[in-house]
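Worksheet: the structure to be examined is printed underneath.
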Amino acid sequence: MTDFEELQQLVAFQQFGMLSAAADELHITQPTMTRSMRKLERELGVPLFDRSAKNRIALTPTGELAAEEARKLLESYEYFLEKNTERCEARQ
């Protein structure tokens with residue numbers, strides 16, 4: 001099952017364009033991020049990355065769409081957490 005960490009990593013890759021830069025931003029190793037992105041591709045059943053260039057990967061059009069949808073999902077989740085916290089604090 002896809003988890004929020006994998007989605008955050010996909011969004012970070014879209015933002016930074018390099019696995020190493022995205023991994024640095026998220027404070028994880030590049031190999032960890034590589035494994036997560038391969039797992040996400042397997043779970044979704046579609047290629048998210050174009051690996052045809054030597055030592056460089058890029059998002060496929062499907063990967064771009066997946067990253068945009070992941071961004072929306074993460075933003076919605078943050079909003080949910082914020083509103084839930086506000087409601088809990090108002091009840092106290």
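How things are named: the first chain in the structure tokens is A, the next is B, and so on; residues count from 1 in each chain; ligands count from 1 in the order shown.
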
For Gln14 in chain A, work out the shell of residues within 8 Å, counting only C-alpha atoms and skipping chain neighbours fewer than 3 positions away, then give it as a PDB file with N, CA, C and O atoms, in the first residue's frame.
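Heads up, here's the output in around-v2.pdb:
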ATOM      1  N   LEU A  10       7.881  11.570  -4.038  1.00  0.00           N
ATOM      2  CA  LEU A  10       7.555  11.828  -5.439  1.00  0.00           C
ATOM      3  C   LEU A  10       7.401  13.329  -5.681  1.00  0.00           C
ATOM      4  O   LEU A  10       7.940  13.877  -6.651  1.00  0.00           O
ATOM      5  N   VAL A  11       6.695  13.996  -4.797  1.00  0.00           N
ATOM      6  CA  VAL A  11       6.506  15.446  -4.916  1.00  0.00           C
ATOM      7  C   VAL A  11       7.851  16.166  -4.804  1.00  0.00           C
ATOM      8  O   VAL A  11       8.125  17.108  -5.555  1.00  0.00           O
ATOM      9  N   GLY A  17      13.892  17.837  -9.100  1.00  0.00           N
ATOM     10  CA  GLY A  17      14.369  17.282 -10.359  1.00  0.00           C
ATOM     11  C   GLY A  17      15.519  16.306 -10.278  1.00  0.00           C
ATOM     12  O   GLY A  17      15.983  15.821 -11.297  1.00  0.00           O
ATOM     13  N   LEU A  59      10.662  12.532 -14.716  1.00  0.00           N
ATOM     14  CA  LEU A  59       9.297  12.040 -14.621  1.00  0.00           C
ATOM     15  C   LEU A  59       8.708  11.854 -16.016  1.00  0.00           C
ATOM     16  O   LEU A  59       8.924  12.681 -16.908  1.00  0.00           O
ATOM     17  N   GLU A  64       4.431  12.914 -13.869  1.00  0.00           N
ATOM     18  CA  GLU A  64       4.067  14.310 -13.601  1.00  0.00           C
ATOM     19  C   GLU A  64       2.654  14.385 -13.039  1.00  0.00           C
ATOM     20  O   GLU A  64       2.395  15.085 -12.056  1.00  0.00           O
ATOM     21  N   ALA A  67       2.580  13.011  -9.522  1.00  0.00           N
ATOM     22  CA  ALA A  67       3.168  13.953  -8.563  1.00  0.00           C
ATOM     23  C   ALA A  67       2.189  15.081  -8.250  1.00  0.00           C
ATOM     24  O   ALA A  67       2.068  15.495  -7.093  1.00  0.00           O
TER      25      ALA A  67
END

message: List the spatial neighbours of Asp3 in chain A as a list in words - criterion: any atom at most 12 Å away, only C-alpha atoms, same-chain residues fewer than 2 positions off excluded.
response: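 Counting only the stated atoms, we get Met1, Glu5, Glu6, Leu7, Gln8, Gln9, Leu10, Ser36, Met37, Lys39, Leu40, Glu43, Leu44, Ala70, Leu73 and Leu74 of chain A.
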
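What separates CA of Glu69 in chain A from CA of Glu25 in chain A is a distance of 20.3 Å.
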
Could you give me, as a PDB file with all heavy atoms, in the first residue's frame, each residue of chain A that DSSP assigns to strand (DSSP E or B) when run on this structure's backbone?
ATOM      1  N   PHE A  49       9.004   7.153 -14.067  1.00  0.00           N
ATOM      2  CA  PHE A  49      10.295   7.760 -14.400  1.00  0.00           C
ATOM      3  C   PHE A  49      10.805   7.262 -15.737  1.00  0.00           C
ATOM      4  O   PHE A  49      10.678   6.093 -16.069  1.00  0.00           O
ATOM      5  CB  PHE A  49      11.330   7.438 -13.314  1.00  0.00           C
ATOM      6  CG  PHE A  49      10.965   8.003 -11.973  1.00  0.00           C
ATOM      7  CD1 PHE A  49      10.258   7.246 -11.064  1.00  0.00           C
ATOM      8  CD2 PHE A  49      11.316   9.299 -11.632  1.00  0.00           C
ATOM      9  CE1 PHE A  49       9.898   7.767  -9.832  1.00  0.00           C
ATOM     10  CE2 PHE A  49      10.964   9.825 -10.403  1.00  0.00           C
ATOM     11  CZ  PHE A  49      10.253   9.057  -9.496  1.00  0.00           C
ATOM     12  N   ASP A  50      11.407   8.159 -16.466  1.00  0.00           N
ATOM     13  CA  ASP A  50      12.110   7.830 -17.698  1.00  0.00           C
ATOM     14  C   ASP A  50      13.576   7.673 -17.320  1.00  0.00           C
ATOM     15  O   ASP A  50      14.216   8.633 -16.882  1.00  0.00           O
ATOM     16  CB  ASP A  50      11.932   8.949 -18.716  1.00  0.00           C
ATOM     17  CG  ASP A  50      12.692   8.702 -20.008  1.00  0.00           C
ATOM     18  OD1 ASP A  50      13.370   7.660 -20.136  1.00  0.00           O
ATOM     19  OD2 ASP A  50      12.610   9.569 -20.892  1.00  0.00           O
ATOM     20  N   ALA A  58      13.967  11.285 -15.204  1.00  0.00           N
ATOM     21  CA  ALA A  58      12.989  12.364 -15.277  1.00  0.00           C
ATOM     22  C   ALA A  58      11.606  11.739 -15.134  1.00  0.00           C
ATOM     23  O   ALA A  58      11.420  10.546 -15.413  1.00  0.00           O
ATOM     24  CB  ALA A  58      13.111  13.099 -16.604  1.00  0.00           C
ATOM     25  N   LEU A  59      10.662  12.532 -14.716  1.00  0.00           N
ATOM     26  CA  LEU A  59       9.297  12.040 -14.621  1.00  0.00           C
ATOM     27  C   LEU A  59       8.708  11.854 -16.016  1.00  0.00           C
ATOM     28  O   LEU A  59       8.924  12.681 -16.908  1.00  0.00           O
ATOM     29  CB  LEU A  59       8.421  13.016 -13.836  1.00  0.00           C
ATOM     30  CG  LEU A  59       8.676  13.076 -12.339  1.00  0.00           C
ATOM     31  CD1 LEU A  59       7.892  14.229 -11.715  1.00  0.00           C
ATOM     32  CD2 LEU A  59       8.289  11.769 -11.664  1.00  0.00           C
TER      33      LEU A  59
END

Those in chain A with helix (DSSP H, G or I) from DSSP, as a PyMOL selection string: chain A and resi 4-16+19-26+30-44+61-91

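With only C-alpha atoms as the basis for measurement, A:Arg71 is the residue among A:Arg71, A:Pro47, A:Arg56, A:Gln30 that approaches Gln15 in chain A most closely.
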